[in-house]
Amino acid sequence: MINAIFIYSTRGELIVSKLFNNSLKRSISDIFRIQVINNLDVRSPILTLGSTTFHHIRSNGSDSLWIVTVSRTNANSGAIWEFLYKFNAILDAYDLTKEEKLKEDFMICYEILDVVIGAGGIPMDTELGSIASKISVKPPKSGGTSSEPKSSTVANFPGSNLSTSNLSMPKFLTRNNRSMSQDLGTNYPSNFPWRPNGIKYKKNEVFLYVNEKINILVSRDGSILKAYVDGTIDMTTHLSGTPICQFGLNDSPSVEFGDSLWLDTQEFHNKKAVPKAAAGSVMLEDCKFHQCVSLDKFNKERIIKFVPPDGNMELMKYCVRDNLNLPFKITPVVTPCGSTVEYRITLKSLFPNKLSAKDVALHIPVPPGTVDCKINISNGKCKFESEENAMVWRFNKYHGLTENTLSAVTVPTSDTTQLTLQQWPRPPMSLGFEIMMFSNSGLVVRYFRVSDKDEKYRVVKWIKYISKSGSYEVRY
Amino acid sequence: MSDQRIFARYKATEIRAELQNFDAKRSKVSATKRKVALRKIIANLKMGNYNEMVLLYPEMLKFWQVEDDLEVKRICHEYVRTLGAAKPQSAKEALGAVLGDLENKNEEVQIMSLRTLSAVTSLEYINEAFKAVGYVLARRGVPQNLLKTAILLLKYMDDLDHDRVSSTLDSLYDIFERQLASPTVQVAALHTIYAIHEKNTDLKPLRLELDVAMGLLDLLPQLNEWDKAMVLESLTTSAVPQTHSDVCAMIELVLPQLQHANTYVALNAFKFIAYLLNYAEHVNEGLIKRFSNSIVSLLNKPPELEFLVLRNIILLLLSRGASLLKLDVSFFFIEYNDPIYIKDTKLECLYLSADHETLPRILEELVQYATDIDIQMSRKAIRAIGNLAVKLNEEAAHDCVDALLDLLEFGVDYVVQEIISVFRNILRKHPKRFESIIGELVKHTESVQEPEAKNAMIWIITNYSYALPNYLEFFQVFSSNLLEETSDVQFSILTSSVKFFIRNPNYQTEKICIKALKQCTEEINNPDLRDRAFMYWRLLSLAQSPKSHLLSNDSMTKLIDGELPAIQLSTKLDPVILEELELNIGTIASIYLKPVSQVFRNTRTKRLLPSPILNPNKENLKVINDGSTNLNSGAFERVPEWETIGQSDDVSVASPRRTKTMMNDYDKPAEKVNQLKGKRKSSSAGPSTLSRKPSMLVRKLSMKKPF
């Protein structure tokens, strides 16, 4: 599927090259450099010449690398891009996405490649946790204080400690560990391809982050053209052994199931743990799960049950389109008047007054040929930024249910005419913000439990809700 | 660390010296220094410095014997692989060492050795590779990863010697038919067999026994993401259901995978189910909903994957219309900072998914894009509006035309060019409907500049001359300039001037016509144009001459100025190609929307294998709304009414899809309203407050924490 992998520096210097197929020559890397890297106008992330196809992504950061695959058959692009992003994440965890670092430690990169890609150019395993256990060097960025993995006893789940949940275990969770040949040292495969056996922590901790990005587009007449929330639930686990995690959301099908676990909400003694805006149930448009989640279980009973990999992961992704909690309302009045433009904008927060948003910034585009703006604002700071051709109105902290007003007029250059204003395409205003403990979609984690065969298994659980702006745009 | 850069060209002697330097001492420091020198070798190989590096074989072999370090081992193997591929002859000396590693206790080293054997293209290596793989396959109790590597290597070795590989195929079948090994090894065996069948068109298409296929699907929950996807990929077309209940059972096993976060898994699950639907009696509405949801959530992936998904949406819209996916058009609305390739693809999706219901919203969006700063984007949006007018019926076309006329008033140059160009097609599709707007269009005669727009304008003037009292004036704008035009436009001018003349032979039209004919035959060097001009000329003179009984005026008019056939925009691809593409969802071919054999040689064209229940025509697939679903999607079909619980200050709005929601619906009274005070102040001019008040600056600098 993947015949070769190349990593280039930003300027096109080949740093890592791995050919999986002897029919390829090294010179094929030059073709990509000439056709894509040196070509300023790249209009596609895929390039096919003859029957050779290049897929590429850029790593993030200032000196972003080009990570490229070559394939000579009708390979699956989904697999390749998905692989490239996961590979990039692994490199990032090993801090190898910096050009200088990669040039120093490129052998680690080859080592990683040996593990993630099997013979025949097929991705084998891209889960950071299990990769790290197979590689001689530990990733510097993994926050875990993972001690040496010790070969633990065979994980075996007696049904007794799970009886509280009245659930039968999914098939794969109850399967006993097969005996494996023992010459593999500590890394012999566990029941779960993504979790090595024998992880130990002094203190068991789980962090659950509900991250949401709200995207909205409001048209000139105030109608909402589109509004949706992209959410992810991310998790950081520092747990010993092979625990089973389980949680439920307030999505409407599972509320309908009426399972008794709803009562467990009292588990959160701290009322603040539940976001203010949450109410009732949420219609999840679709959820995508990390491979560790038992999809059958979710399908049948709407319970999210899994044995987590160690460290960080994105547990699920979801999308909500109805009944959103819009956090801000922007009412722009923009009137051209001669060669100048007058703005009157009110910005109102719609979230509860006990919360506050941070890093609120409203970008207000101004017509080309504007040299300055005369601005009056009721609060915050507003500046004309000529390189962006926009006014930026910022607030460090914005309280709930508060209204602010901006009034401004542009100062144009002398050669600006009415016509140029008419032809100004008016790019939308966009708002950026971040609100803690607020859920744009109203999604709440109703209960969350971690169980292990050991009754005394103690876990500290944290749940955090963060709502951010995706593209929050208003036309005027 | 190293005193010298690793990524620089070195001579073999330099590195040799460095290696020898640190060879003597057995300290830790010298070990790391040695490694640095070895890394330099690899870096040089990657830079293509083969001629120098090949001289270091003796040193490498020495390390092979003494060092017991995995990184050194890896470097050695990488060295042999890279040089072995470039200079196969030189690798002979290392063969013994490589084979030695095959006996190593460490599984990782064994795998390395196996992969090295298959990477070098000399006969000795290939022979040994076959021997080694055969040995691993035959032995019992081989470690899982080694076995898997051996199986997967067969796929490449098939290129080298197909006959030798095909003799091992039976033992591979055994692995997953009788479930002899761990799940992941079974998948590897399946994949290898599938890949070999794909490559060798002389083999019969792979077809698995039904219970074997079911057994593999049963494995799904135990596999990791890549293995899952590989099973689904291999089973598409090779697992052929024989009864309708087979279809249901298989779909049920695969359905949960639609929710996988990995695009590869989700799309392959989609592909597999879509493939099964060719054998299905009917399709359940709940299933379509799950399809749509699964696809929609993939649109949140990074841009490259989003692009892939969008291309596949296009594919499905082309092949099945809206019958498998019900997506709201707002998913295809373009975002300001989408990369260009996403914008293009979304535009295409918008065009394809437009129907009467969605047209108003789509038009509103397209008009917005048409005024975008990006000229390319704006042109494409206008073109899309024009194409919509041709694709849909007259009523819808009317809306499109209104939108275009509004844009025309916008008056930007390239917008005008594009609008005039698209109007030609609209008028051809709906000839009588829009006569009233011709006058509006010809106002822009002077401002059309691009050849395509000019052509379109000439065509419009010619065809609607009866509605334009002073059409010749408009026409002369172009005809007076005949010599300077591009050849396309010259052809149009010539044809039109002849048409004017035979429609209405008078002094003025004759003058224009003669002038055009003369210029085309005498002054222009284009032979095609000259020939056409001569042809017209002869036709005209034939009609005037005594031999006019050969060609009546009527028949000449018919010949030159005949009715044009109505145009159809063909969005449909050949159904055979679509069927093939549907079996290749997610692959490179699905991005280009081309049949696989056109891009990649030596690949099998995927076909649906025969079965008693194969649907002859996929258009006939019924969609049913069945409450008692056998697909376990019951939970998704009952959408409860929204209720607000508690929270009096929370104004919630029940917003069924496709009705317009207003921003004001979400409004709440503010508790605190900050009023404007003071006057507008200039924001950038003048020194900042900090520099005006040095004391503040000092405070700011001494502050420890930002708040």
# chains A, B, ... in the order shown; residues from 1 in each chain; ligands from 1
$ interface_residues --of "chain A" --to "chain B" --cutoff "6 Å" --atoms "only C-alpha atoms" --output "ChimeraX atom specification"
/A:22,43-44,51,74-79,119-120,222-224,253,280,286,288-290,295-296,373-378,383-384,401-404,425
$ write_last_selection --atoms "N, CA and C atoms" --output "short mmCIF file (atom, residue, chain, number, x, y, z; two decimals), in the first residue's frame"
data_model
loop_
_atom_site.label_atom_id
_atom_site.label_comp_id
_atom_site.auth_asym_id
_atom_site.auth_seq_id
_atom_site.Cartn_x
_atom_site.Cartn_y
_atom_site.Cartn_z
N ASN A 22 11.60 -2.60 -3.40
CA ASN A 22 12.83 -2.38 -4.14
C ASN A 22 12.62 -1.93 -5.59
N ARG A 43 -2.31 23.02 -5.33
CA ARG A 43 -3.76 23.08 -5.23
C ARG A 43 -4.36 21.75 -4.83
N SER A 44 -3.54 20.79 -4.48
CA SER A 44 -4.10 19.50 -4.11
C SER A 44 -3.14 18.78 -3.17
N SER A 51 1.58 6.09 -12.74
CA SER A 51 0.81 5.35 -11.74
C SER A 51 1.44 5.50 -10.36
N ASN A 74 -3.46 1.36 -6.60
CA ASN A 74 -4.64 2.12 -6.23
C ASN A 74 -4.84 1.98 -4.73
N ALA A 75 -3.96 2.61 -3.98
CA ALA A 75 -3.99 2.47 -2.54
C ALA A 75 -5.17 3.22 -1.96
N ASN A 76 -5.43 2.97 -0.70
CA ASN A 76 -6.54 3.64 -0.04
C ASN A 76 -6.07 4.97 0.55
N SER A 77 -6.53 6.05 -0.01
CA SER A 77 -6.09 7.36 0.45
C SER A 77 -6.50 7.62 1.89
N GLY A 78 -7.66 7.09 2.26
CA GLY A 78 -8.10 7.26 3.65
C GLY A 78 -7.08 6.68 4.59
N ALA A 79 -6.61 5.49 4.26
CA ALA A 79 -5.63 4.83 5.11
C ALA A 79 -4.36 5.67 5.17
N ALA A 119 5.85 -5.17 7.00
CA ALA A 119 6.32 -5.52 5.67
C ALA A 119 5.19 -5.30 4.68
N GLY A 120 5.53 -4.87 3.49
CA GLY A 120 4.49 -4.64 2.51
C GLY A 120 3.84 -3.27 2.65
N GLY A 222 -29.77 38.20 9.65
CA GLY A 222 -29.82 37.62 10.98
C GLY A 222 -30.27 36.18 11.02
N SER A 223 -30.48 35.58 9.85
CA SER A 223 -30.85 34.17 9.89
C SER A 223 -29.59 33.33 9.97
N ILE A 224 -29.72 32.21 10.61
CA ILE A 224 -28.55 31.37 10.85
C ILE A 224 -28.42 30.39 9.69
N PRO A 253 -30.99 9.38 22.98
CA PRO A 253 -31.36 7.96 22.99
C PRO A 253 -31.06 7.30 24.32
N GLY A 280 -31.54 18.83 30.03
CA GLY A 280 -32.24 17.82 29.26
C GLY A 280 -31.30 16.90 28.52
N ASP A 286 -23.66 12.38 15.35
CA ASP A 286 -22.92 11.17 15.11
C ASP A 286 -21.75 11.16 16.04
N LYS A 288 -17.95 9.36 16.75
CA LYS A 288 -16.90 8.48 16.28
C LYS A 288 -16.06 8.13 17.49
N PHE A 289 -15.66 6.89 17.58
CA PHE A 289 -14.96 6.47 18.78
C PHE A 289 -13.56 6.01 18.48
N HIS A 290 -12.75 6.16 19.48
CA HIS A 290 -11.42 5.58 19.46
C HIS A 290 -11.55 4.07 19.39
N LEU A 295 -17.75 -0.91 20.21
CA LEU A 295 -18.79 -0.28 19.40
C LEU A 295 -20.10 -1.05 19.47
N ASP A 296 -20.01 -2.36 19.64
CA ASP A 296 -21.23 -3.14 19.75
C ASP A 296 -22.05 -2.70 20.95
N CYS A 373 -8.86 53.99 11.86
CA CYS A 373 -10.26 53.98 12.24
C CYS A 373 -10.43 54.81 13.49
N LYS A 374 -11.52 55.54 13.56
CA LYS A 374 -11.85 56.26 14.79
C LYS A 374 -12.84 55.39 15.54
N ILE A 375 -12.45 55.01 16.74
CA ILE A 375 -13.20 53.98 17.44
C ILE A 375 -13.64 54.48 18.80
N ASN A 376 -14.87 54.13 19.17
CA ASN A 376 -15.31 54.36 20.54
C ASN A 376 -15.95 53.07 21.02
N ILE A 377 -15.52 52.59 22.18
CA ILE A 377 -16.04 51.33 22.67
C ILE A 377 -16.45 51.46 24.12
N SER A 378 -17.43 50.62 24.50
CA SER A 378 -17.91 50.71 25.87
C SER A 378 -17.01 49.92 26.82
N LYS A 383 -8.37 47.97 18.31
CA LYS A 383 -7.27 48.55 17.55
C LYS A 383 -7.49 48.27 16.08
N PHE A 384 -7.06 49.20 15.28
CA PHE A 384 -7.06 48.95 13.84
C PHE A 384 -5.74 48.27 13.49
N LEU A 401 -23.96 37.41 30.13
CA LEU A 401 -25.11 38.31 30.04
C LEU A 401 -24.70 39.79 30.10
N THR A 402 -23.72 40.13 29.35
CA THR A 402 -23.25 41.50 29.32
C THR A 402 -23.28 42.00 27.88
N GLU A 403 -23.61 43.26 27.75
CA GLU A 403 -23.67 43.81 26.40
C GLU A 403 -22.65 44.93 26.26
N ASN A 404 -21.96 44.96 25.14
CA ASN A 404 -21.03 46.03 24.86
C ASN A 404 -21.27 46.58 23.47
N PRO A 425 -16.03 43.16 -1.05
CA PRO A 425 -16.85 41.95 -0.88
C PRO A 425 -17.33 41.72 0.55
#
$ residues_around --residues "region 110-115 of chain A" --least-positions-apart "5" --cutoff "9 Å" --atoms "only C-alpha atoms" --output "list in words"
Val16, Ser17, Lys18, Phe87, Ile90, Leu91, Pro123, Met124, Asp125, Thr126, Ile131, Ala132, Lys134, Ile135 and Ser136 of chain A; Glu71, Arg74 and Met112 of chain B
$ residues_around --residues "Pro241 (chain B)" --least-positions-apart "2" --cutoff "8 Å" --atoms "only C-alpha atoms" --output "list of chain:residue names"
B:Leu210, B:Ala239, B:Thr243, B:His244, B:Asp246, B:Val247, B:Leu276, B:Tyr279, B:Ser611, B:Ile613
$ select_by_dssp --residues "region 126-321 of chain B" --states "strand (DSSP E or B)" --output "list in words"
Leu208, Ala239, His260, His282, Val283 and Asn284 of chain B
$ write_last_selection --atoms "N, CA and C atoms" --output "mmCIF file, in the first residue's frame"
data_model
loop_
_atom_site.group_PDB
_atom_site.id
_atom_site.type_symbol
_atom_site.label_atom_id
_atom_site.label_comp_id
_atom_site.auth_asym_id
_atom_site.auth_seq_id
_atom_site.Cartn_x
_atom_site.Cartn_y
_atom_site.Cartn_z
ATOM 1 N N LEU B 208 -14.538 -16.002 -1.410
ATOM 2 C CA LEU B 208 -14.377 -16.788 -0.190
ATOM 3 C C LEU B 208 -15.650 -17.549 0.120
ATOM 4 N N ALA B 239 -16.550 -11.621 -0.540
ATOM 5 C CA ALA B 239 -17.576 -12.319 0.228
ATOM 6 C C ALA B 239 -18.900 -12.108 -0.481
ATOM 7 N N HIS B 260 -16.451 4.253 13.727
ATOM 8 C CA HIS B 260 -15.043 4.284 14.091
ATOM 9 C C HIS B 260 -14.446 5.650 13.764
ATOM 10 N N HIS B 282 -33.963 -4.605 0.029
ATOM 11 C CA HIS B 282 -34.374 -3.223 0.205
ATOM 12 C C HIS B 282 -33.418 -2.600 1.189
ATOM 13 N N VAL B 283 -33.472 -1.301 1.301
ATOM 14 C CA VAL B 283 -32.588 -0.664 2.264
ATOM 15 C C VAL B 283 -33.428 0.089 3.282
ATOM 16 N N ASN B 284 -33.000 0.003 4.495
ATOM 17 C CA ASN B 284 -33.748 0.573 5.590
ATOM 18 C C ASN B 284 -33.426 2.053 5.752
#
$ atom_distance --atom1 "CA of Phe192 (chain A)" --atom2 "CA of Thr236 (chain A)"
17.7 Å
$ select_by_dssp --residues "region 425-522 of chain B" --states "helix (DSSP H, G or I)" --output "VMD selection string"
chain B and resid 425 to 429 435 to 442 445 to 447 451 to 463 465 to 467 471 to 479 482 to 484 487 to 503 507 to 522
$ atom_distance --atom1 "CA of Arg321 (chain A)" --atom2 "CA of Val282 (chain A)"
9.6 Å
$ residues_around --residues "region 304-307 of chain A" --least-positions-apart "6" --cutoff "9 Å" --atoms "only C-alpha atoms" --output "compact mmCIF listing (two decimals) with N, CA and C atoms, in the first residue's frame"
# COMPACT_ATOMS: atom_id res chain seq x y z
N LEU A 173 -14.04 -8.44 26.24
CA LEU A 173 -13.49 -8.10 27.53
C LEU A 173 -13.35 -9.31 28.44
N PHE A 192 -5.58 -6.47 24.77
CA PHE A 192 -5.97 -5.26 24.07
C PHE A 192 -4.75 -4.74 23.33
N TRP A 194 -3.96 -2.16 22.15
CA TRP A 194 -3.52 -0.79 22.40
C TRP A 194 -3.01 -0.59 23.83
N ARG A 195 -3.09 -1.60 24.67
CA ARG A 195 -2.66 -1.40 26.05
C ARG A 195 -1.74 -2.52 26.49
N THR A 242 -5.34 -3.05 34.14
CA THR A 242 -6.20 -3.02 32.96
C THR A 242 -7.61 -2.68 33.40
N PRO A 243 -7.86 -1.44 33.78
CA PRO A 243 -9.18 -1.09 34.30
C PRO A 243 -10.21 -0.91 33.16
N ILE A 244 -11.44 -1.01 33.51
CA ILE A 244 -12.51 -0.77 32.55
C ILE A 244 -13.16 0.56 32.89
N CYS A 245 -13.24 1.42 31.92
CA CYS A 245 -13.90 2.70 32.14
C CYS A 245 -15.26 2.65 31.48
N GLN A 246 -16.15 3.43 32.04
CA GLN A 246 -17.48 3.44 31.48
C GLN A 246 -18.10 4.79 31.78
N PHE A 247 -18.70 5.40 30.79
CA PHE A 247 -19.45 6.60 31.12
C PHE A 247 -20.65 6.78 30.22
N GLY A 248 -21.55 7.63 30.66
CA GLY A 248 -22.75 7.87 29.90
C GLY A 248 -22.93 9.35 29.67
N LEU A 249 -23.58 9.69 28.57
CA LEU A 249 -23.81 11.09 28.24
C LEU A 249 -25.30 11.36 28.31
N CYS A 292 -10.55 1.77 21.07
CA CYS A 292 -10.68 0.97 22.28
C CYS A 292 -12.13 0.83 22.73
N VAL A 293 -13.02 1.65 22.21
CA VAL A 293 -14.41 1.60 22.68
C VAL A 293 -15.14 0.44 22.02
N SER A 294 -15.86 -0.27 22.82
CA SER A 294 -16.62 -1.39 22.29
C SER A 294 -17.83 -0.85 21.53
N LEU A 295 -17.75 -0.91 20.21
CA LEU A 295 -18.79 -0.28 19.40
C LEU A 295 -20.10 -1.05 19.47
N LYS A 297 -21.31 -2.49 22.03
CA LYS A 297 -21.96 -2.09 23.26
C LYS A 297 -22.69 -0.76 23.09
N PHE A 298 -22.02 0.16 22.46
CA PHE A 298 -22.63 1.46 22.27
C PHE A 298 -23.84 1.33 21.37
$ residues_around --residues "region 562-568 of chain B" --least-positions-apart "2" --cutoff "10 Å" --atoms "only C-alpha atoms" --output "PDB file with C-alpha atoms, in the first residue's frame"
ATOM      1  CA  VAL B 390     -29.253  24.386 -17.162  1.00  0.00           C
ATOM      2  CA  LYS B 391     -29.549  21.385 -14.892  1.00  0.00           C
ATOM      3  CA  ASN B 425     -25.866  27.836 -22.152  1.00  0.00           C
ATOM      4  CA  ILE B 426     -28.838  29.052 -20.181  1.00  0.00           C
ATOM      5  CA  LEU B 427     -30.375  30.554 -23.291  1.00  0.00           C
ATOM      6  CA  ARG B 428     -29.750  27.418 -25.259  1.00  0.00           C
ATOM      7  CA  LYS B 429     -31.471  25.337 -22.638  1.00  0.00           C
ATOM      8  CA  HIS B 430     -34.459  27.643 -22.192  1.00  0.00           C
ATOM      9  CA  PRO B 431     -34.662  29.393 -25.600  1.00  0.00           C
ATOM     10  CA  LYS B 499     -26.257  34.203 -40.778  1.00  0.00           C
ATOM     11  CA  SER B 555     -32.485  24.719 -47.676  1.00  0.00           C
ATOM     12  CA  MET B 556     -29.488  26.983 -47.489  1.00  0.00           C
ATOM     13  CA  THR B 557     -31.002  28.775 -44.526  1.00  0.00           C
ATOM     14  CA  LYS B 558     -31.606  25.456 -42.905  1.00  0.00           C
ATOM     15  CA  LEU B 559     -28.039  24.503 -43.572  1.00  0.00           C
ATOM     16  CA  ILE B 560     -26.435  27.597 -42.164  1.00  0.00           C
ATOM     17  CA  SER B 570     -24.238  15.281 -18.551  1.00  0.00           C
ATOM     18  CA  THR B 571     -23.380  14.775 -14.934  1.00  0.00           C
TER      19      THR B 571
END
$ closest_atom_pairs --of "region 261-377 of chain A" --to "region 386-398 of chain A" --cutoff "12 Å" --atoms "only C-alpha atoms" --output "tab-separated table"
residue	atom	partner	partner_atom	distance
A:Pro327	CA	A:Tyr398	CA	11.0
A:Phe328	CA	A:Tyr398	CA	10.5
A:Tyr343	CA	A:Met391	CA	10.6
A:Ile345	CA	A:Trp393	CA	10.7
A:Thr346	CA	A:Trp393	CA	11.5
A:Leu347	CA	A:Trp393	CA	10.3
A:Lys348	CA	A:Tyr398	CA	9.6
A:Ser349	CA	A:Tyr398	CA	7.8
A:Leu350	CA	A:Tyr398	CA	10.9
A:Phe351	CA	A:Tyr398	CA	10.3
A:Pro352	CA	A:Tyr398	CA	11.4
A:Asn353	CA	A:Tyr398	CA	9.7
A:Lys354	CA	A:Tyr398	CA	10.8
A:Leu355	CA	A:Tyr398	CA	8.7
A:Ser356	CA	A:Tyr398	CA	5.3
A:Ala357	CA	A:Tyr398	CA	5.0
A:Lys358	CA	A:Lys397	CA	4.7
A:Asp359	CA	A:Asn396	CA	5.2
A:Val360	CA	A:Phe395	CA	5.1
A:Ala361	CA	A:Arg394	CA	4.3
A:Leu362	CA	A:Trp393	CA	5.0
A:His363	CA	A:Val392	CA	4.7
A:Ile364	CA	A:Met391	CA	5.0
A:Pro365	CA	A:Ala390	CA	4.1
A:Val366	CA	A:Ala390	CA	5.1
A:Pro367	CA	A:Asn389	CA	7.3
A:Pro368	CA	A:Asn389	CA	6.9
A:Gly369	CA	A:Asn389	CA	8.7
A:Thr370	CA	A:Asn389	CA	7.6
A:Val371	CA	A:Ser386	CA	7.2
A:Asp372	CA	A:Ser386	CA	7.8
A:Cys373	CA	A:Met391	CA	7.8
A:Lys374	CA	A:Met391	CA	10.2
A:Ile375	CA	A:Met391	CA	9.1
A:Asn376	CA	A:Trp393	CA	10.7
A:Ile377	CA	A:Trp393	CA	8.8
$ closest_residue --among "B:Asp406, B:Leu392, B:Val66, B:Asn21" --to "Glu357 (chain B)" --atoms "only C-alpha atoms"
B:Leu392
$ residues_around --residues "region 500-510 of chain B" --least-positions-apart "6" --cutoff "10 Å" --atoms "only C-alpha atoms" --output "short mmCIF file (atom, residue, chain, number, x, y, z; two decimals) with C-alpha atoms, in the first residue's frame"
data_model
loop_
_atom_site.label_atom_id
_atom_site.label_comp_id
_atom_site.auth_asym_id
_atom_site.auth_seq_id
_atom_site.Cartn_x
_atom_site.Cartn_y
_atom_site.Cartn_z
CA THR B 462 -27.04 36.51 -33.44
CA ASN B 463 -29.72 34.30 -32.00
CA SER B 465 -31.31 39.57 -33.34
CA TYR B 471 -28.30 44.33 -33.39
CA LEU B 472 -25.89 45.26 -36.17
CA ALA B 516 -15.84 39.14 -43.16
CA LEU B 540 -23.93 31.81 -51.15
CA ASN B 553 -32.73 29.54 -50.42
CA ASP B 554 -34.75 27.68 -47.83
CA MET B 556 -29.49 26.98 -47.49
CA THR B 557 -31.00 28.77 -44.53
CA ILE B 560 -26.44 27.60 -42.16
CA ASP B 561 -28.94 28.86 -39.67
#
$ residues_around --residues "Thr237 (chain A)" --least-positions-apart "2" --cutoff "10 Å" --atoms "only C-alpha atoms" --output "JSON, numbers by chain"
{"A": [143, 144, 204, 205, 206, 207, 208, 234, 235, 239, 240, 308, 309, 310, 311, 312, 313, 461]}
$ write_last_selection --atoms "C-alpha atoms" --output "PDB file, in the first residue's frame"
ATOM      1  CA  GLY A 143       3.148  13.189  30.697  1.00  0.00           C
ATOM      2  CA  GLY A 144       2.844   9.816  32.306  1.00  0.00           C
ATOM      3  CA  ASN A 204      -4.538   6.560  39.645  1.00  0.00           C
ATOM      4  CA  GLU A 205      -5.821   9.607  37.852  1.00  0.00           C
ATOM      5  CA  VAL A 206      -8.157  10.196  34.957  1.00  0.00           C
ATOM      6  CA  PHE A 207      -8.774  13.491  33.211  1.00  0.00           C
ATOM      7  CA  LEU A 208     -11.708  13.843  30.907  1.00  0.00           C
ATOM      8  CA  ASP A 234     -10.197  13.740  25.205  1.00  0.00           C
ATOM      9  CA  MET A 235      -8.784  11.696  27.962  1.00  0.00           C
ATOM     10  CA  LEU A 239      -4.190   4.105  35.550  1.00  0.00           C
ATOM     11  CA  SER A 240      -2.608   0.919  36.770  1.00  0.00           C
ATOM     12  CA  PRO A 308      -8.189   2.923  27.749  1.00  0.00           C
ATOM     13  CA  PRO A 309      -4.705   3.067  26.310  1.00  0.00           C
ATOM     14  CA  ASP A 310      -2.205   4.663  28.631  1.00  0.00           C
ATOM     15  CA  GLY A 311      -1.600   8.394  28.359  1.00  0.00           C
ATOM     16  CA  ASN A 312      -3.430  10.796  26.100  1.00  0.00           C
ATOM     17  CA  MET A 313      -6.028   9.958  23.531  1.00  0.00           C
ATOM     18  CA  LYS A 461     -11.411  11.663  38.281  1.00  0.00           C
TER      19      LYS A 461
END
$ atom_distance --atom1 "CA of Asn250 (chain A)" --atom2 "CA of Ser281 (chain A)"
5.0 Å
